[in-house]
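Shown here: work-v2.tsv, TSV, C-alpha atoms and all ligand atoms.
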```
chain	number	residue	atom	x	y	z
A	23	MET	CA	-2.63	-6.15	5.29
A	24	THR	CA	-0.14	-4.84	7.83
A	25	THR	CA	-0.83	-1.22	8.63
A	26	THR	CA	0.93	1.66	10.36
A	27	LEU	CA	-0.33	3.43	13.46
A	28	ILE	CA	0.23	7.16	13.02
A	29	THR	CA	0.13	9.39	16.08
A	30	VAL	CA	0.14	13.15	15.77
A	31	ALA	CA	1.73	15.15	18.57
A	32	ALA	CA	0.19	18.43	17.54
A	33	THR	CA	1.31	21.07	20.01
A	34	GLY	CA	3.73	20.06	22.77
A	35	ALA	CA	4.65	22.26	25.69
A	36	GLU	CA	7.78	23.90	24.37
A	37	ALA	CA	7.18	25.87	21.16
A	38	GLU	CA	5.91	29.44	21.51
A	39	LYS	CA	2.88	30.58	19.57
A	40	ALA	CA	4.47	33.97	18.95
A	41	ALA	CA	7.39	32.30	17.21
A	42	VAL	CA	5.33	29.58	15.50
A	43	PRO	CA	1.98	31.03	14.34
A	44	ALA	CA	0.88	27.67	12.85
A	45	LEU	CA	1.03	25.94	16.26
A	46	PRO	CA	-2.48	24.89	17.38
A	47	VAL	CA	-3.00	26.38	20.86
A	48	THR	CA	-6.72	27.17	21.17
A	49	LEU	CA	-9.38	24.50	21.39
A	50	GLU	CA	-10.70	25.59	18.00
A	51	GLU	CA	-7.26	25.39	16.40
A	52	LEU	CA	-6.54	22.02	17.97
A	53	THR	CA	-9.89	20.56	16.92
A	54	ALA	CA	-9.52	21.79	13.33
A	55	GLU	CA	-6.00	20.39	13.23
A	56	ALA	CA	-7.24	17.05	14.61
A	57	VAL	CA	-9.90	16.77	11.91
A	58	ALA	CA	-7.32	17.48	9.19
A	59	CYS	CA	-4.86	15.01	10.70
A	60	GLN	CA	-7.45	12.23	10.85
A	61	GLN	CA	-8.23	12.85	7.19
A	62	ALA	CA	-4.51	12.67	6.43
A	63	GLY	CA	-4.10	9.30	8.18
A	64	ALA	CA	-3.63	9.79	11.92
A	65	ALA	CA	-5.33	7.45	14.39
A	66	VAL	CA	-4.07	8.87	17.70
A	67	ILE	CA	-3.62	12.45	18.89
A	68	HIS	CA	-1.10	13.13	21.66
A	69	VAL	CA	-2.39	16.22	23.42
A	70	HIS	CA	-0.80	19.10	25.30
A	71	ILE	CA	-2.98	22.13	25.85
A	72	ARG	CA	-2.38	25.84	26.38
A	73	ASP	CA	-4.09	28.51	28.47
A	74	GLU	CA	-5.63	31.77	27.23
A	75	LYS	CA	-2.14	33.24	26.88
A	76	ALA	CA	-0.93	30.16	24.95
A	77	ARG	CA	1.18	28.98	27.88
A	78	PRO	CA	1.25	25.24	28.64
A	79	THR	CA	-1.32	24.20	31.25
A	80	LEU	CA	-2.62	21.02	32.88
A	81	ASP	CA	-5.87	22.60	34.02
A	82	VAL	CA	-8.26	19.66	34.40
A	83	GLY	CA	-11.34	21.61	33.31
A	84	ARG	CA	-9.65	22.63	30.08
A	85	LEU	CA	-8.39	19.08	29.58
A	86	LYS	CA	-11.94	17.71	29.99
A	87	ASP	CA	-13.26	20.22	27.45
A	88	THR	CA	-10.49	19.22	25.08
A	89	VAL	CA	-11.22	15.49	25.39
A	90	GLY	CA	-14.91	16.19	24.77
A	91	ALA	CA	-14.29	18.43	21.77
A	92	LEU	CA	-11.86	16.00	20.12
A	93	ARG	CA	-14.28	13.10	20.65
A	94	ALA	CA	-17.14	15.11	19.17
A	95	ALA	CA	-15.20	16.17	16.08
A	96	THR	CA	-13.08	13.09	15.34
A	97	ASP	CA	-12.69	9.34	15.88
A	98	LEU	CA	-9.08	9.81	16.98
A	99	ILE	CA	-7.84	8.10	20.11
A	100	VAL	CA	-7.26	10.92	22.59
A	101	GLN	CA	-3.97	10.44	24.39
A	102	LEU	CA	-3.35	13.13	27.00
A	103	SER	CA	0.21	13.96	27.92
A	104	THR	CA	1.10	13.28	31.54
A	105	GLY	CA	4.55	14.69	30.80
A	106	GLY	CA	3.29	18.24	30.59
A	107	ALA	CA	6.02	20.85	30.70
A	108	VAL	CA	9.27	20.46	32.64
A	109	THR	CA	7.89	22.92	35.19
A	110	ASP	CA	4.74	20.93	36.01
A	111	SER	CA	4.37	19.26	39.43
A	112	PHE	CA	3.92	15.51	39.83
A	113	GLU	CA	0.54	16.18	41.45
A	114	ALA	CA	-0.72	18.13	38.43
A	115	ARG	CA	0.60	15.45	36.09
A	116	LEU	CA	-1.28	12.71	37.98
A	117	ALA	CA	-4.46	14.79	37.92
A	118	VAL	CA	-4.44	14.69	34.10
A	119	LEU	CA	-6.15	11.30	34.40
A	120	ASP	CA	-9.17	13.02	35.98
A	121	ALA	CA	-10.01	14.24	32.47
A	122	GLN	CA	-10.74	10.60	31.55
A	123	PRO	CA	-8.89	10.30	28.26
A	124	ASP	CA	-8.73	7.08	26.22
A	125	ALA	CA	-5.00	6.92	26.70
A	126	CYS	CA	-2.09	8.78	28.23
A	127	SER	CA	1.65	9.04	27.86
A	128	LEU	CA	3.79	7.56	30.63
A	129	THR	CA	7.49	8.34	30.52
A	130	CYS	CA	9.69	5.62	31.99
A	131	GLY	CA	12.52	7.70	33.42
A	132	THR	CA	14.17	11.03	33.99
A	133	VAL	CA	16.06	12.62	31.10
A	134	ASN	CA	18.06	15.76	30.55
A	135	PHE	CA	15.93	17.94	28.29
A	136	GLY	CA	18.14	20.58	26.74
A	137	ASP	CA	19.01	22.91	29.60
A	138	ASP	CA	16.18	21.45	31.71
A	139	VAL	CA	15.40	18.12	33.35
A	140	PHE	CA	12.27	16.13	32.55
A	141	ALA	CA	11.80	14.42	35.91
A	142	ASN	CA	10.25	10.96	36.15
A	143	PRO	CA	11.51	9.23	39.28
A	144	TRP	CA	10.46	5.64	40.04
A	145	GLY	CA	7.98	6.67	42.75
A	146	PHE	CA	6.07	8.89	40.31
A	147	ILE	CA	6.18	6.34	37.48
A	148	LYS	CA	4.70	3.56	39.59
A	149	GLU	CA	2.00	5.80	41.07
A	150	LEU	CA	0.95	6.99	37.63
A	151	TYR	CA	1.02	3.45	36.25
A	152	GLN	CA	-1.18	2.07	39.04
A	153	LEU	CA	-3.62	4.94	38.52
A	154	THR	CA	-3.90	4.08	34.81
A	155	GLN	CA	-4.65	0.48	35.77
A	156	GLU	CA	-7.32	1.51	38.30
A	157	ARG	CA	-8.98	3.91	35.84
A	158	GLY	CA	-8.71	1.72	32.72
A	159	ILE	CA	-6.70	4.35	30.83
A	160	VAL	CA	-4.29	2.81	28.34
A	161	PRO	CA	-0.72	4.08	28.76
A	162	GLU	CA	1.78	4.57	25.99
A	163	PHE	CA	5.25	4.08	27.41
A	164	GLU	CA	7.51	6.96	26.35
A	165	LEU	CA	11.14	5.92	26.12
A	166	PHE	CA	13.72	8.68	25.74
A	167	ASP	CA	16.71	6.53	26.59
A	168	LEU	CA	17.81	2.90	26.87
A	169	GLY	CA	17.60	3.02	30.67
A	170	HIS	CA	13.90	3.79	30.31
A	171	VAL	CA	13.45	0.36	28.72
A	172	ALA	CA	14.93	-1.23	31.85
A	173	THR	CA	12.43	0.69	33.97
A	174	LEU	CA	9.59	-0.46	31.71
A	175	HIS	CA	10.60	-4.08	32.38
A	176	ARG	CA	10.66	-3.37	36.13
A	177	LEU	CA	7.23	-1.71	35.98
A	178	LEU	CA	5.60	-4.61	34.14
A	179	GLY	CA	7.38	-7.13	36.37
A	180	GLU	CA	6.17	-5.50	39.61
A	181	PHE	CA	2.70	-4.34	38.60
A	182	GLY	CA	1.62	-6.54	35.69
A	183	PRO	CA	0.17	-5.62	32.31
A	184	PRO	CA	-1.37	-2.25	31.49
A	185	ALA	CA	-5.06	-1.45	31.05
A	186	GLY	CA	-6.06	-3.01	27.74
A	187	GLY	CA	-3.48	-5.76	28.17
A	188	HIS	CA	-1.15	-4.65	25.39
A	189	VAL	CA	2.21	-2.90	25.77
A	190	HIS	CA	2.77	-0.15	23.21
A	191	CYS	CA	5.83	2.07	23.43
A	192	ASP	CA	6.98	5.26	21.76
A	193	LEU	CA	10.69	5.88	21.25
A	194	VAL	CA	11.28	9.61	21.56
A	195	MET	CA	14.67	10.09	19.94
A	196	GLY	CA	17.02	12.98	19.41
A	197	VAL	CA	16.10	14.99	22.51
A	198	PRO	CA	19.27	16.81	23.62
A	199	GLY	CA	20.09	14.64	26.63
A	200	GLY	CA	18.30	11.48	25.47
A	201	MET	CA	19.21	8.72	23.03
A	202	PRO	CA	20.30	9.93	19.61
A	203	GLY	CA	17.90	9.89	16.68
A	204	ASN	CA	19.63	7.33	14.53
A	205	VAL	CA	19.06	3.78	13.34
A	206	ALA	CA	21.69	2.24	15.64
A	207	ALA	CA	19.97	3.61	18.73
A	208	LEU	CA	16.56	2.66	17.37
A	209	VAL	CA	17.59	-0.95	16.83
A	210	ALA	CA	19.21	-1.15	20.28
A	211	ALA	CA	16.04	0.14	21.95
A	212	VAL	CA	13.71	-2.09	19.93
A	213	GLN	CA	15.78	-5.18	20.69
A	214	ALA	CA	15.50	-4.44	24.41
A	215	LEU	CA	11.69	-4.10	24.48
A	216	PRO	CA	9.54	-6.65	26.31
A	217	ASP	CA	8.33	-9.63	24.27
A	218	GLY	CA	5.09	-8.83	22.49
A	219	ALA	CA	5.45	-5.06	22.81
A	220	THR	CA	4.72	-2.90	19.78
A	221	TRP	CA	6.36	0.45	19.22
A	222	SER	CA	6.37	3.68	17.35
A	223	ALA	CA	9.16	6.18	17.07
A	224	THR	CA	9.62	9.88	16.62
A	225	GLY	CA	12.75	11.92	16.03
A	226	ILE	CA	13.04	15.46	17.34
A	227	GLY	CA	14.03	18.23	14.94
A	228	LYS	CA	16.55	17.17	12.31
A	229	THR	CA	16.22	13.53	13.31
A	230	THR	CA	12.57	13.36	12.23
A	231	LEU	CA	13.15	11.84	8.81
A	232	PRO	CA	15.97	9.40	9.71
A	233	VAL	CA	13.88	8.07	12.61
A	234	LEU	CA	10.71	7.89	10.52
A	235	LEU	CA	12.44	5.99	7.72
A	236	GLY	CA	14.28	3.76	10.19
A	237	ALA	CA	11.07	2.97	12.05
A	238	LEU	CA	9.27	2.02	8.85
A	239	GLY	CA	12.18	-0.18	7.81
A	240	ALA	CA	12.26	-1.91	11.18
A	241	GLY	CA	8.52	-2.62	11.22
A	242	GLY	CA	7.56	0.08	13.71
A	243	HIS	CA	4.80	2.65	13.87
A	244	LEU	CA	5.11	6.43	13.57
A	245	ARG	CA	4.64	9.56	15.63
A	246	VAL	CA	4.94	12.93	13.90
A	247	GLY	CA	3.84	16.47	14.68
A	248	MET	CA	4.76	19.98	15.66
A	249	GLU	CA	5.63	18.92	19.22
A	250	ASP	CA	8.62	17.17	17.67
A	251	THR	CA	9.56	19.16	14.59
A	252	LEU	CA	8.83	22.64	13.32
A	253	THR	CA	10.66	22.35	10.02
A	254	PHE	CA	9.24	20.38	7.10
A	255	SER	CA	12.46	20.47	5.13
A	256	ARG	CA	15.67	22.48	5.32
A	257	GLY	CA	14.68	26.13	5.84
A	258	ARG	CA	10.94	25.53	5.32
A	259	PRO	CA	8.74	25.87	8.41
A	260	VAL	CA	5.90	23.40	8.95
A	261	THR	CA	2.60	24.96	7.90
A	262	GLY	CA	0.47	22.60	9.99
A	263	ASN	CA	0.41	19.14	11.51
A	264	ALA	CA	-1.58	17.62	8.66
A	265	GLU	CA	1.30	17.94	6.22
A	266	LEU	CA	3.53	15.98	8.58
A	267	VAL	CA	0.85	13.28	8.92
A	268	GLN	CA	0.33	13.24	5.18
A	269	ARG	CA	4.04	12.74	4.53
A	270	ALA	CA	4.16	9.91	7.10
A	271	ALA	CA	1.08	8.31	5.55
A	272	GLU	CA	2.56	8.50	2.05
A	273	LEU	CA	5.85	6.95	3.16
A	274	ALA	CA	4.03	4.23	5.09
A	275	SER	CA	1.90	3.47	2.05
A	276	LEU	CA	5.03	3.35	-0.10
A	277	ALA	CA	6.39	0.80	2.37
A	278	GLN	CA	3.19	-1.23	1.79
A	279	ARG	CA	1.96	-0.50	5.31
A	280	PRO	CA	-0.75	2.16	4.88
A	281	PRO	CA	-2.21	4.07	7.83
A	282	MET	CA	-4.24	2.19	10.44
A	283	THR	CA	-7.77	3.52	10.92
A	284	PRO	CA	-8.77	4.88	14.33
A	285	ALA	CA	-11.17	1.93	14.78
A	286	ALA	CA	-8.41	-0.59	14.04
A	287	ALA	CA	-6.08	1.33	16.34
A	288	ARG	CA	-8.53	0.94	19.22
A	289	THR	CA	-8.44	-2.83	18.80
A	290	PHE	CA	-4.66	-2.81	18.34
A	291	LEU	CA	-4.04	-0.79	21.52
A	292	GLY	CA	-6.78	-2.42	23.60
A	293	ILE	CA	-8.84	0.75	23.95
A	294	ALA	CA	-12.56	0.30	24.43
A	295	ARG	CA	-14.73	3.21	23.35
A	296	PRO	CA	-15.75	4.54	26.76
A	297	TRP	CA	-18.73	6.69	25.88
B	301	LIG	N1	7.11	18.25	27.31
B	301	LIG	C1	8.08	17.31	27.77
B	301	LIG	C2	8.78	17.85	28.98
B	301	LIG	C3	4.90	13.61	27.30
B	301	LIG	O1	4.12	14.30	26.66
B	301	LIG	O2	4.50	12.67	27.97
B	301	LIG	C4	7.49	15.99	28.09
B	301	LIG	C5	6.67	15.37	27.08
B	301	LIG	C6	6.36	13.92	27.29
B	301	LIG	O3	6.20	15.95	26.13
B	302	ZN	ZN	4.27	15.28	24.75
```
Represent the structure contained in this file as structure tokens.
Ligand code: KMH
Ligand code: ZN
Amino acid sequence: MTTTLITVAATGAEAEKAAVPALPVTLEELTAEAVACQQAGAAVIHVHIRDEKARPTLDVGRLKDTVGALRAATDLIVQLSTGGAVTDSFEARLAVLDAQPDACSLTCGTVNFGDDVFANPWGFIKELYQLTQERGIVPEFELFDLGHVATLHRLLGEFGPPAGGHVHCDLVMGVPGGMPGNVAALVAAVQALPDGATWSATGIGKTTLPVLLGALGAGGHLRVGMEDTLTFSRGRPVTGNAELVQRAAELASLAQRPPMTPAAARTFLGIARPW
């Protein structure tokens, strides 16, 4: 049976704990959330971490502890963010790989990000990509705009296939400054992907449900989570990541493509269990 890969992006770097008490920011909160999300149908966790004051951090020691704790408590594929926060340096973002995750995000271009800029120039992209190849860490190509697809083609053309041999992309849609979160943009991006690539999609904020339903209809996989949306339905805050995963799993099952298990996801993405 065809199944659906569900990734949970549990925390992100943008929401503030003070404003969103349900946001998992401590290692204990993140681990508990991960366990609940695996039970609800997630196979991958996309991870941003926070410091003791709940501010975003790329501290490598904390990242290592996080990878270890998530591996001990769950079977989820641990995908560390190399995007970090818009304020993070390229050096700190490259050093994320020192925490030896299973997988990492790799954004294929710069994008306006609300009032900020999420910077991903070519020199940084190719350095990060080559590092993932050297270390055997499987990248997920984050595509915020159609131009990012062109850069993905250039990257694969110049440096060859990723660790694991399979190209899996994530369309991040509806960021103010990126491609819109609608079906027309989704189809345009999917049509431009490299042959053989698989993809998931996520819609930020109000675009969450249109993108989720469009992705299911177009044969794609799903990313959900509090990094991307803080509202479950109009006027009703999300109470935790697991309810977003559960809704995605139910809709995927309704579409006759139930959630992929973490073990199947490892095979699908080309991730060997490294420990
Ligand atoms: N926090 C955004 C600036 C990623 O995780 O790779 C970047 C981001 C992408 O979230
Ligand atoms: Zn992220």
Taking all atoms listed in the file into account, list the residues no farther than 10 Å from ligand ZN 302 (chain B), as JSON, numbers by chain.
{"A": [31, 32, 33, 34, 35, 36, 68, 69, 70, 101, 102, 103, 104, 105, 106, 107, 126, 127, 128, 129, 164, 194, 249, 250]}
Tell me which protein, DNA and RNA residues are within 10 Å of Gly241 of chain A, counting all atoms listed in the file, leaving out same-chain ones fewer than 6 positions away, and put them as number ranges by chain.
A: 24-26, 220-222, 277, 279
Can you spit out the residues from that selection as a PDB file, in the coordinates of the input, using C-alpha atoms?
```pdb
ATOM      1  CA  THR A  24      -0.140  -4.840   7.830  1.00  0.00           C
ATOM      2  CA  THR A  25      -0.830  -1.220   8.630  1.00  0.00           C
ATOM      3  CA  THR A  26       0.930   1.660  10.360  1.00  0.00           C
ATOM      4  CA  THR A 220       4.720  -2.900  19.780  1.00  0.00           C
ATOM      5  CA  TRP A 221       6.360   0.450  19.220  1.00  0.00           C
ATOM      6  CA  SER A 222       6.370   3.680  17.350  1.00  0.00           C
ATOM      7  CA  ALA A 277       6.390   0.800   2.370  1.00  0.00           C
ATOM      8  CA  ARG A 279       1.960  -0.500   5.310  1.00  0.00           C
TER       9      ARG A 279
END
```
Atom pair atom CA of Leu266 of chain A + atom CA of Arg84 of chain A, distance 26.1 Å
Minimum-distance residue to Gly200 of chain A, chosen among A:Thr132, A:Thr283, A:Gln268, A:Thr109 (using all atoms listed in the file):
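Distance minimum relative to Gly200 of chain A lands on A:Thr132.
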Please list as an MDAnalysis selection string every residue within 12 Å of Ile159 of chain A, counting all atoms listed in the file and excluding residues in the same chain fewer than 6 positions away.
chainID A and resid 99:102 104 118:128 150:153 184:188 291:296
I need the residue nearest ligand LIG 301 (chain B) from this list: A:Ala211, A:Ala206, A:Ala94, A:Leu165. Use all atoms listed in the file for the distance.
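Answer, going by the shortest atom-to-atom distance: A:Leu165.
Across the model, the gap from atom CA of Gly145 of chain A to atom O1 of ligand LIG 301 (chain B) is 18.2 Å.
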Is it possible to get the axis-aligned box enclosing segment 175-190 of chain A (all listed atoms, 8 Å extra per side) as AutoDock Vina command-line options, with centre and edge lengths in Å rounded to one decimal?
```
--center_x 2.3 --center_y -3.6 --center_z 31.4 --size_x 32.7 --size_y 23.0 --size_z 32.4
```
May I ask which of the residues A:Gly169, A:Gly182, A:Gly158, A:Gly247 is the closest one to ligand LIG 301 (chain B), counting only C-alpha atoms and all ligand atoms?
A:Gly247
